[in-house]
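Input: a single structure, listed below in structure tokens.
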Amino acid sequence: MPKRPPSPGRVRAVRQSARVTVASAAGFYSALYALDQPVVAVYALFAPIALGILSPIPGGGRDRARTVLCALPVAVALTALGTALAVTTASAVAGMLVIGFTILFASAYGPAAASAVPGLLLFYVLACFPPYAPDTLPQRLGGLLAGVALLVLCELLLLPAPPVQPYRVRITAALDLAAASALAFAQGHRHSPERARRLHEAGLALRLSQAPPASRPTGAGRRDRGLAQAGAATRRVLGQLARMSERPDSATAADPLSEALLRGVAAGCTATAGALRGARAVPGPEALEEMVADFVAVRGRPSGTGLDTDAKASQRLLECRSDLLVTAVSALTVQAAVAVAVGGRRDAAGLPPEQFWYAGPSAPRLLVLRLTGNLTLRSVLFQNAVRTALGLGAARLVAGVLGLEHGFWVLLAVLTLGRTTAGATWSTVRSAAVGTLVGALAAGALIFEAGGTVEVYAAVLVPAMFVAFSVGPIAGPAWAQGLFTLVVAAAFSQLAPANWRLAETRLLDVLAGCTIGLICGVLAWPAGAHAEVRRGVADVLRAAAPLVQVTVSAVVRASGTSDWPDAPGTSGASGDHGPRPRSRRGTTEEALRLTRHRLRIAEGAYAQYRTEGGRDPVDSGPDWHLALNCASHTVTGSHWLPRQAYGPAPPEAVRWARESAARLATAMDSAADFPPGGVRATPMPLPHEVVSAAPAPVLPALVDIDSWLRTLAAELSAIGGSGPDEPPPPVRGDGTRPATVRDAAARPGG
């Protein structure tokens, strides 16, 4: 059988190990043996390890080198602060708490800043331990500068990492596919299951979890925010085109008006893709927006298709036109978002300004908004910063009070083994403890056999580093801690005479750090980032549910009745008009404002979660990106649907619209609980008798509502629910749990 090629992850780990090993060894040996400067040697050894291994800096070789150079001034400042604050244990602990929280919280700026945080903290950790020696600061900084310089050279010259495909390339490929699909529709090639499959796959590829951490647009600036919104809107375009492709030809008909708009959508997607490639100027959304406005104005006309003679054909044609309108509006959003992200546009043209609120503020203002917006206990970033800072402060206090030799190993264990959930921390700590024990035994045996022969340690250090840095990131914490124990034993035995008790000290320090990290993980937000993303997405879905109802009520407002949520004298029971919304928010604007607010919070939590670079804890769990897309689609519909003055709708049309909206809102409310298996959202189909009785000016509005609700239902059904390891829904304050799908089926209108 042919040998399987090595995985890309292994290749990356081996290459990174080679770069860090060469940089660390060159600085360490030169400083120790050529210059006889042990302090310089320690910092020259650990600087490449801190910024090359401990900090998983994303990107290609040039990107990594650039990030390391940007982190250098911060590393110098932290080393100087640590040296100054090492005068007492109290000052060192206070500095650890303040600096730890500040550095960790600053990772909100984006993935590059977040990736460098562990390595930057190591510089303060190294410098803040006894002995208090401010006179050695020049040597410490010299070793740091030498190590960083060597690492930068190795990143650029020694097996440099290939550049990472930007997220904009994924959007570009998706827009090319969308343009080709829209053009195929315009040319009469409508039904195509194969095209629908490719559109669905391209939509899934736009999920941030499918993109490398280096390319995820999770930063605070306009560029990242715009690309993130463009990716979400592109996914909506692909999803709508896929649903259109799944329809049989009998459900569609040739329509010159729709074909013209389809060609406009295709041209807009092609132009936007060209702008993302840098091949042409960034187009504004005005041209496509004008086409959409013209389409809305005349789409109720027959266009030679029998619209005014055949009721069924009329409904079918209007449904196709309404679905196309949804697709065109999403394509408009893509164009506007790309114009902001790539073209530097500072307004949203004629689109809702609330959707592009980030277009106006300056980059520093956006960063301040990101930071201040995360100064809350609900913020994943705030939780991680507090948890880790408390753990590091406690570790520094324990090491100082107990006078632990090589006490910085305690903090290093807390820094490297802490996770965002108690369960993950326990699993990591357990493996690390076993690996450290085995590594300590191996290091003890090495020291016992080699004795004071420094040449043995010098010969062992380089292969030990290469193996540790190659195997550790792939094999897990047990291998990483065990092999790193051998590395530090070989390094420190060259700095000063050592005996087997060095391995014992390493083991005890790591166990102390594991214990502190585990305690912090259990006491401080043990559910971690996943729980906050889950809560944020649930909140926005619950806010969007009544927005669906008030939007539909605003569109089909019957003659002589007030807006449904405020109608006096109505009861909460099911009646001719279906159940009323679950909260009296008054106006559509108030419900829209609440949904936008919660959507921004949920998007921030999701961006922070993806900044951590991990996958979903449960692969079969909910599709968070699609859930946010569903809420965004709700907000977009609430803006576009009520814009046209359709006139009063007949009572039977009002009754159908409200009952269908109530059913969809109930499903959305239930989807917020993420029950096992998800929900099956099924809005009421638009009845033929309603279509027949509806006045011509009102019929497009009814079809728009039907299309919007069907699209939202499809997205809700695709979100999915809790995986096998997901926790059950939390108990509410009254002792009850949120309703499940079975409960929802028993509700009025469900």
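Following the order of the structure tokens, first chain is A, next is B, and so on, with residues numbered from 1 inside each chain and ligands from 1 in the order they appear.
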Check your understanding: Could you pull the residues within 9 Å of Ala442 of chain A, counting only C-alpha atoms, minus those fewer than 3 positions along the same chain, as a ChimeraX atom specification?
Key -> /A:437-439,445-447,482,485-486,503
Exercise for review: Write down as a count of residues only the residues of segment 123-361 of chain A whose backbone DSSP state falls under helix (DSSP H, G or I).
Suggested key: 169
Point to revise | Selection: 6 Å around segment 279-287 of chain A, only C-alpha atoms, excl. self and same-chain fewer than 6 positions, as a PyMOL selection string | key: chain A and resi 332+335-336+339+343
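The nearest approach to Leu508 of chain A among the residues A:Val87, A:Val410, A:Leu137, A:Leu54, with only C-alpha atoms taken into account, belongs to A:Val410.
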Point to revise | 12 Å contact set for Gly444 of chain A, only C-alpha atoms, chain neighbours under 6 positions out, as an MDAnalysis selection string | key: chainID A and resid 436:438 450:451 485:486 488:490 493 498:507
Could you write out the selected residues, including all heavy atoms, as a compact mmCIF listing (two decimals), in the first residue's frame?
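Writing done, so here's part28.txt:
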# COMPACT_ATOMS: atom_id res chain seq x y z
N THR A 436 4.72 15.24 32.76
CA THR A 436 5.80 15.85 33.54
C THR A 436 6.47 14.82 34.43
O THR A 436 7.71 14.86 34.63
CB THR A 436 5.24 17.00 34.39
OG1 THR A 436 4.59 17.94 33.53
CG2 THR A 436 6.36 17.71 35.13
N LEU A 437 5.68 13.91 35.00
CA LEU A 437 6.26 12.86 35.84
C LEU A 437 7.24 12.00 35.04
O LEU A 437 8.38 11.75 35.48
CB LEU A 437 5.15 12.00 36.43
CG LEU A 437 5.60 10.77 37.24
CD1 LEU A 437 6.44 11.21 38.44
CD2 LEU A 437 4.39 9.96 37.69
N VAL A 438 6.81 11.58 33.86
CA VAL A 438 7.70 10.77 33.02
C VAL A 438 8.91 11.58 32.59
O VAL A 438 10.06 11.09 32.61
CB VAL A 438 6.93 10.25 31.79
CG1 VAL A 438 7.86 9.49 30.86
CG2 VAL A 438 5.78 9.34 32.23
N ALA A 450 24.94 11.77 33.72
CA ALA A 450 25.92 12.73 33.18
C ALA A 450 26.71 13.42 34.28
O ALA A 450 27.86 13.84 34.04
CB ALA A 450 25.20 13.78 32.34
N GLY A 451 26.12 13.56 35.46
CA GLY A 451 26.82 14.22 36.54
C GLY A 451 27.12 15.67 36.19
O GLY A 451 26.23 16.43 35.81
N THR A 485 10.23 19.21 29.95
CA THR A 485 10.96 18.98 31.20
C THR A 485 12.39 18.55 30.90
O THR A 485 13.35 19.00 31.57
CB THR A 485 10.25 17.90 32.03
OG1 THR A 485 8.94 18.36 32.35
CG2 THR A 485 11.01 17.60 33.31
N LEU A 486 12.56 17.71 29.90
CA LEU A 486 13.91 17.30 29.51
C LEU A 486 14.69 18.48 28.94
O LEU A 486 15.90 18.61 29.18
CB LEU A 486 13.80 16.17 28.48
CG LEU A 486 15.08 15.40 28.15
CD1 LEU A 486 15.63 14.70 29.40
CD2 LEU A 486 14.82 14.39 27.04
N VAL A 488 14.35 21.81 29.70
CA VAL A 488 14.79 22.74 30.74
C VAL A 488 15.86 22.11 31.63
O VAL A 488 16.76 22.81 32.13
CB VAL A 488 13.59 23.21 31.59
CG1 VAL A 488 12.61 24.00 30.74
CG2 VAL A 488 12.89 22.06 32.28
N ALA A 489 15.80 20.80 31.81
CA ALA A 489 16.85 20.15 32.59
C ALA A 489 18.19 20.25 31.87
O ALA A 489 19.23 20.56 32.49
CB ALA A 489 16.48 18.68 32.84
N ALA A 490 18.18 20.01 30.54
CA ALA A 490 19.42 20.10 29.78
C ALA A 490 19.94 21.54 29.72
O ALA A 490 21.16 21.77 29.74
CB ALA A 490 19.21 19.56 28.37
N SER A 493 21.10 22.80 33.46
CA SER A 493 22.28 22.08 33.94
C SER A 493 23.55 22.66 33.34
O SER A 493 24.65 22.42 33.86
CB SER A 493 22.17 20.59 33.58
OG SER A 493 21.08 20.00 34.27
N ALA A 498 23.97 20.99 38.64
CA ALA A 498 22.64 20.47 38.97
C ALA A 498 22.75 19.03 39.41
O ALA A 498 23.71 18.32 39.09
CB ALA A 498 21.71 20.58 37.76
N ASN A 499 21.75 18.60 40.19
CA ASN A 499 21.63 17.20 40.54
C ASN A 499 20.21 16.74 40.23
O ASN A 499 19.40 17.48 39.67
CB ASN A 499 21.98 16.97 42.02
CG ASN A 499 21.15 17.86 42.95
OD1 ASN A 499 19.97 18.12 42.68
ND2 ASN A 499 21.76 18.33 44.03
N TRP A 500 19.88 15.53 40.60
CA TRP A 500 18.58 14.96 40.23
C TRP A 500 17.41 15.73 40.84
O TRP A 500 16.28 15.61 40.36
CB TRP A 500 18.51 13.50 40.64
CG TRP A 500 18.57 13.29 42.14
CD1 TRP A 500 19.69 13.14 42.90
CD2 TRP A 500 17.46 13.25 43.03
NE1 TRP A 500 19.36 13.00 44.22
CE2 TRP A 500 17.98 13.05 44.33
CE3 TRP A 500 16.08 13.35 42.87
CZ2 TRP A 500 17.16 12.96 45.45
CZ3 TRP A 500 15.27 13.24 43.98
CH2 TRP A 500 15.82 13.06 45.26
N ARG A 501 17.68 16.54 41.88
CA ARG A 501 16.58 17.28 42.51
C ARG A 501 16.03 18.39 41.60
O ARG A 501 14.94 18.92 41.86
CB ARG A 501 17.03 17.87 43.84
CG ARG A 501 17.49 16.84 44.86
CD ARG A 501 17.63 17.45 46.24
NE ARG A 501 16.32 17.77 46.80
CZ ARG A 501 15.59 16.93 47.52
NH1 ARG A 501 16.03 15.70 47.75
NH2 ARG A 501 14.42 17.29 47.99
N LEU A 502 16.78 18.76 40.53
CA LEU A 502 16.24 19.72 39.56
C LEU A 502 14.99 19.16 38.90
O LEU A 502 14.00 19.87 38.70
CB LEU A 502 17.31 20.04 38.50
CG LEU A 502 16.87 21.00 37.38
CD1 LEU A 502 16.57 22.39 37.93
CD2 LEU A 502 17.94 21.07 36.30
N ALA A 503 15.03 17.86 38.57
CA ALA A 503 13.85 17.23 37.98
C ALA A 503 12.70 17.18 38.98
O ALA A 503 11.53 17.38 38.62
CB ALA A 503 14.19 15.82 37.49
N GLU A 504 13.03 16.93 40.25
CA GLU A 504 11.99 16.92 41.28
C GLU A 504 11.36 18.31 41.42
O GLU A 504 10.12 18.44 41.54
CB GLU A 504 12.59 16.48 42.61
CG GLU A 504 11.60 16.50 43.76
CD GLU A 504 12.28 16.31 45.11
OE1 GLU A 504 13.47 16.68 45.23
OE2 GLU A 504 11.61 15.83 46.04
N THR A 505 12.19 19.36 41.40
CA THR A 505 11.67 20.72 41.50
C THR A 505 10.75 21.04 40.33
O THR A 505 9.68 21.64 40.50
CB THR A 505 12.84 21.72 41.53
OG1 THR A 505 13.68 21.43 42.65
CG2 THR A 505 12.33 23.15 41.63
N ARG A 506 11.15 20.64 39.15
CA ARG A 506 10.32 20.85 37.96
C ARG A 506 8.96 20.17 38.12
O ARG A 506 7.91 20.76 37.85
CB ARG A 506 11.05 20.32 36.73
CG ARG A 506 10.20 20.09 35.50
CD ARG A 506 9.79 21.36 34.84
NE ARG A 506 8.99 21.09 33.64
CZ ARG A 506 8.32 22.00 32.96
NH1 ARG A 506 8.34 23.25 33.35
NH2 ARG A 506 7.62 21.67 31.90
N LEU A 507 8.96 18.93 38.61
CA LEU A 507 7.71 18.19 38.78
C LEU A 507 6.80 18.87 39.80
O LEU A 507 5.60 19.07 39.54
CB LEU A 507 8.01 16.76 39.21
CG LEU A 507 6.80 15.87 39.55
CD1 LEU A 507 5.90 15.71 38.33
CD2 LEU A 507 7.26 14.51 40.07
Practice item. For His688 of chain A, please output as a list in words all residues within 12 Å (counting only C-alpha atoms; exclusion window: fewer than 4 positions along the same chain). Key: Asp310, Ala311, Lys312, Ala313, Ser314, Gln315, Arg316, Glu652, Ala653, Trp656, Met684, Ser692, Ala693, Ala694, Leu699, Leu702 and Val703 of chain A
Please write the residues from the selection above to a file, keeping N, CA, C and O atoms, as a compact mmCIF listing (two decimals), in the first residue's frame.
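This went into out37.txt:
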# COMPACT_ATOMS: atom_id res chain seq x y z
N ASP A 310 -54.22 33.82 -14.76
CA ASP A 310 -54.07 32.52 -14.08
C ASP A 310 -53.60 32.78 -12.66
O ASP A 310 -52.47 33.23 -12.44
N ALA A 311 -54.46 32.49 -11.66
CA ALA A 311 -54.12 32.79 -10.27
C ALA A 311 -52.93 31.97 -9.80
O ALA A 311 -52.05 32.47 -9.11
N LYS A 312 -52.90 30.68 -10.15
CA LYS A 312 -51.78 29.85 -9.71
C LYS A 312 -50.47 30.31 -10.33
O LYS A 312 -49.43 30.37 -9.66
N ALA A 313 -50.52 30.60 -11.62
CA ALA A 313 -49.31 31.11 -12.27
C ALA A 313 -48.90 32.45 -11.68
O ALA A 313 -47.71 32.74 -11.52
N SER A 314 -49.89 33.25 -11.32
CA SER A 314 -49.60 34.53 -10.70
C SER A 314 -48.85 34.35 -9.39
O SER A 314 -47.83 34.99 -9.13
N GLN A 315 -49.36 33.45 -8.55
CA GLN A 315 -48.71 33.21 -7.26
C GLN A 315 -47.32 32.64 -7.45
O GLN A 315 -46.37 33.05 -6.78
N ARG A 316 -47.18 31.68 -8.36
CA ARG A 316 -45.87 31.06 -8.58
C ARG A 316 -44.85 32.07 -9.07
O ARG A 316 -43.70 32.09 -8.62
N GLU A 652 -58.81 37.92 5.62
CA GLU A 652 -58.25 36.56 5.54
C GLU A 652 -56.75 36.59 5.29
O GLU A 652 -56.01 35.72 5.78
N ALA A 653 -56.27 37.60 4.56
CA ALA A 653 -54.83 37.73 4.36
C ALA A 653 -54.13 38.12 5.65
O ALA A 653 -53.04 37.62 5.97
N TRP A 656 -53.98 34.99 7.86
CA TRP A 656 -52.92 34.05 7.46
C TRP A 656 -51.54 34.59 7.82
O TRP A 656 -50.69 33.86 8.35
N MET A 684 -46.97 28.51 7.74
CA MET A 684 -48.17 28.15 6.99
C MET A 684 -48.01 28.58 5.53
O MET A 684 -47.67 29.73 5.25
N SER A 692 -56.28 34.51 -4.33
CA SER A 692 -57.36 34.86 -5.24
C SER A 692 -58.11 36.11 -4.78
O SER A 692 -58.55 36.92 -5.60
N ALA A 693 -58.26 36.26 -3.46
CA ALA A 693 -59.04 37.38 -2.94
C ALA A 693 -58.23 38.64 -2.74
O ALA A 693 -58.80 39.71 -2.52
N ALA A 694 -56.91 38.55 -2.78
CA ALA A 694 -56.07 39.71 -2.47
C ALA A 694 -56.08 40.70 -3.63
O ALA A 694 -55.97 40.30 -4.80
N LEU A 699 -50.95 41.79 -3.27
CA LEU A 699 -50.44 40.44 -3.49
C LEU A 699 -48.92 40.34 -3.40
O LEU A 699 -48.40 39.41 -2.78
N LEU A 702 -47.91 40.01 0.23
CA LEU A 702 -48.18 38.70 0.82
C LEU A 702 -47.14 37.68 0.37
O LEU A 702 -46.68 36.85 1.17
N VAL A 703 -46.78 37.73 -0.88
CA VAL A 703 -45.77 36.81 -1.38
C VAL A 703 -44.41 37.10 -0.74
O VAL A 703 -43.64 36.18 -0.41
Practice item. Take atom CA of Leu159 of chain A and atom CA of Ser215 of chain A and report the distance between them in Å, one decimal. Key: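 Interatomic distance here is 20.9 Å.
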Exercise for review: Find the residues near Val386 of chain A: any atom within 9 Å, counting only C-alpha atoms, skip ones fewer than 5 places away on the same chain, and give them as a PyMOL selection string.
Suggested key: chain A and resi 97+100-101+104-105+381+391+524
Export, as a PDB file, in the first residue's frame, the selected residues with N, CA and C atoms.
ATOM      1  N   LEU A  97      -1.157  40.737  38.334  1.00  0.00           N
ATOM      2  CA  LEU A  97      -2.607  40.882  38.180  1.00  0.00           C
ATOM      3  C   LEU A  97      -2.957  41.970  37.164  1.00  0.00           C
ATOM      4  N   GLY A 100      -1.207  41.208  33.663  1.00  0.00           N
ATOM      5  CA  GLY A 100      -1.835  40.036  33.079  1.00  0.00           C
ATOM      6  C   GLY A 100      -3.195  40.353  32.495  1.00  0.00           C
ATOM      7  N   PHE A 101      -4.039  41.053  33.260  1.00  0.00           N
ATOM      8  CA  PHE A 101      -5.367  41.394  32.755  1.00  0.00           C
ATOM      9  C   PHE A 101      -5.268  42.331  31.552  1.00  0.00           C
ATOM     10  N   LEU A 104      -3.983  40.437  28.402  1.00  0.00           N
ATOM     11  CA  LEU A 104      -4.983  39.473  27.938  1.00  0.00           C
ATOM     12  C   LEU A 104      -6.201  40.179  27.351  1.00  0.00           C
ATOM     13  N   PHE A 105      -6.624  41.260  27.973  1.00  0.00           N
ATOM     14  CA  PHE A 105      -7.800  41.973  27.493  1.00  0.00           C
ATOM     15  C   PHE A 105      -7.521  42.688  26.174  1.00  0.00           C
ATOM     16  N   LEU A 381     -14.087  37.521  26.406  1.00  0.00           N
ATOM     17  CA  LEU A 381     -12.740  38.078  26.531  1.00  0.00           C
ATOM     18  C   LEU A 381     -12.472  38.538  27.962  1.00  0.00           C
ATOM     19  N   GLY A 391      -5.196  33.448  38.051  1.00  0.00           N
ATOM     20  CA  GLY A 391      -4.348  32.265  38.159  1.00  0.00           C
ATOM     21  C   GLY A 391      -2.875  32.608  38.209  1.00  0.00           C
ATOM     22  N   ALA A 524     -13.984  30.171  38.215  1.00  0.00           N
ATOM     23  CA  ALA A 524     -14.244  31.347  37.362  1.00  0.00           C
ATOM     24  C   ALA A 524     -14.801  30.907  36.010  1.00  0.00           C
TER      25      ALA A 524
END
Exercise for review: May I have the residues within 8 Å of Pro118 of chain A as a list in words, using only C-alpha atoms and disregarding those fewer than 3 positions away in the same chain?
Suggested key: Ala50, Leu54, Ser55, Ser115, Leu121, Leu122, Leu415 and Thr416 of chain A
If you keep all heavy atoms, can you produce a file of those selected residues as a PDB file, in the first residue's frame?
ATOM      1  N   ALA A  50       9.116  31.708  23.496  1.00  0.00           N
ATOM      2  CA  ALA A  50       7.925  32.461  23.874  1.00  0.00           C
ATOM      3  C   ALA A  50       7.119  32.886  22.663  1.00  0.00           C
ATOM      4  O   ALA A  50       5.892  32.726  22.624  1.00  0.00           O
ATOM      5  CB  ALA A  50       8.322  33.679  24.706  1.00  0.00           C
ATOM      6  N   LEU A  54       5.184  29.088  22.339  1.00  0.00           N
ATOM      7  CA  LEU A  54       4.125  29.405  23.300  1.00  0.00           C
ATOM      8  C   LEU A  54       3.046  30.287  22.678  1.00  0.00           C
ATOM      9  O   LEU A  54       1.862  30.163  23.009  1.00  0.00           O
ATOM     10  CB  LEU A  54       4.733  30.105  24.518  1.00  0.00           C
ATOM     11  CG  LEU A  54       3.827  30.268  25.737  1.00  0.00           C
ATOM     12  CD1 LEU A  54       3.326  28.925  26.231  1.00  0.00           C
ATOM     13  CD2 LEU A  54       4.568  31.002  26.849  1.00  0.00           C
ATOM     14  N   SER A  55       3.434  31.159  21.771  1.00  0.00           N
ATOM     15  CA  SER A  55       2.482  32.013  21.052  1.00  0.00           C
ATOM     16  C   SER A  55       2.259  31.441  19.660  1.00  0.00           C
ATOM     17  O   SER A  55       3.155  31.515  18.818  1.00  0.00           O
ATOM     18  CB  SER A  55       3.017  33.443  20.942  1.00  0.00           C
ATOM     19  OG  SER A  55       3.106  34.055  22.200  1.00  0.00           O
ATOM     20  N   SER A 115      -2.793  36.071  19.567  1.00  0.00           N
ATOM     21  CA  SER A 115      -1.848  34.956  19.493  1.00  0.00           C
ATOM     22  C   SER A 115      -0.542  35.258  20.209  1.00  0.00           C
ATOM     23  O   SER A 115       0.129  34.342  20.701  1.00  0.00           O
ATOM     24  CB  SER A 115      -1.568  34.617  18.030  1.00  0.00           C
ATOM     25  OG  SER A 115      -0.903  35.702  17.388  1.00  0.00           O
ATOM     26  N   LEU A 121       3.404  37.563  27.999  1.00  0.00           N
ATOM     27  CA  LEU A 121       3.314  37.394  29.448  1.00  0.00           C
ATOM     28  C   LEU A 121       4.523  36.646  30.005  1.00  0.00           C
ATOM     29  O   LEU A 121       4.931  36.882  31.151  1.00  0.00           O
ATOM     30  CB  LEU A 121       2.028  36.645  29.800  1.00  0.00           C
ATOM     31  CG  LEU A 121       0.733  37.450  29.653  1.00  0.00           C
ATOM     32  CD1 LEU A 121      -0.472  36.559  29.924  1.00  0.00           C
ATOM     33  CD2 LEU A 121       0.728  38.635  30.605  1.00  0.00           C
ATOM     34  N   LEU A 122       5.099  35.748  29.220  1.00  0.00           N
ATOM     35  CA  LEU A 122       6.263  35.010  29.698  1.00  0.00           C
ATOM     36  C   LEU A 122       7.434  35.938  30.006  1.00  0.00           C
ATOM     37  O   LEU A 122       8.218  35.673  30.929  1.00  0.00           O
ATOM     38  CB  LEU A 122       6.675  33.959  28.661  1.00  0.00           C
ATOM     39  CG  LEU A 122       7.874  33.082  29.044  1.00  0.00           C
ATOM     40  CD1 LEU A 122       7.576  32.297  30.314  1.00  0.00           C
ATOM     41  CD2 LEU A 122       8.241  32.139  27.904  1.00  0.00           C
ATOM     42  N   LEU A 415       0.033  29.343  32.696  1.00  0.00           N
ATOM     43  CA  LEU A 415      -0.116  30.053  31.432  1.00  0.00           C
ATOM     44  C   LEU A 415      -0.375  29.106  30.269  1.00  0.00           C
ATOM     45  O   LEU A 415      -1.173  29.404  29.373  1.00  0.00           O
ATOM     46  CB  LEU A 415       1.143  30.883  31.173  1.00  0.00           C
ATOM     47  CG  LEU A 415       1.124  31.875  30.006  1.00  0.00           C
ATOM     48  CD1 LEU A 415       0.043  32.908  30.208  1.00  0.00           C
ATOM     49  CD2 LEU A 415       2.491  32.539  29.873  1.00  0.00           C
ATOM     50  N   THR A 416       0.280  27.959  30.273  1.00  0.00           N
ATOM     51  CA  THR A 416       0.197  27.059  29.123  1.00  0.00           C
ATOM     52  C   THR A 416      -0.887  26.004  29.253  1.00  0.00           C
ATOM     53  O   THR A 416      -1.353  25.474  28.237  1.00  0.00           O
ATOM     54  CB  THR A 416       1.546  26.348  28.913  1.00  0.00           C
ATOM     55  OG1 THR A 416       1.914  25.648  30.115  1.00  0.00           O
ATOM     56  CG2 THR A 416       2.628  27.348  28.568  1.00  0.00           C
TER      57      THR A 416
END
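Counting from atom CA of Val398 of chain A, the distance to atom CA of Trp426 of chain A is 20.4 Å.
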Check your understanding: Of the residues A:Val334, A:Thr89, A:Ala47, A:Thr376, which is the one nearest to Ala71 of chain A, using only C-alpha atoms?
Key ->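 Smallest separation from Ala71 of chain A among the options: A:Ala47.
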**Study point:** Å distance separating atom CA of Ala202 of chain A from atom CA of Ala161 of chain A, one decimal place
**Key:**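 Here the two named atoms are 26.4 Å from each other.
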Review point. Which is closer to Gly221 of chain A than all the others in A:Val368, A:Ile719, A:Val20, A:Leu626, using only C-alpha atoms?
Key: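 Among the listed residues, the smallest separation from Gly221 of chain A belongs to A:Val368.
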**Study point:** Pick from A:Leu641, A:Asp135, A:Thr682, A:Ala389 nearest to Val326 of chain A, counting only C-alpha atoms
**Key:** A:Leu641
Point to revise | Counting only C-alpha atoms, the option among A:Ala266, A:Gly536, A:Ala363, A:Arg222 closest to Asp176 of chain A | key: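 Between A:Ala266, A:Gly536, A:Ala363, A:Arg222, the residue approaching Asp176 of chain A most closely is A:Ala266.
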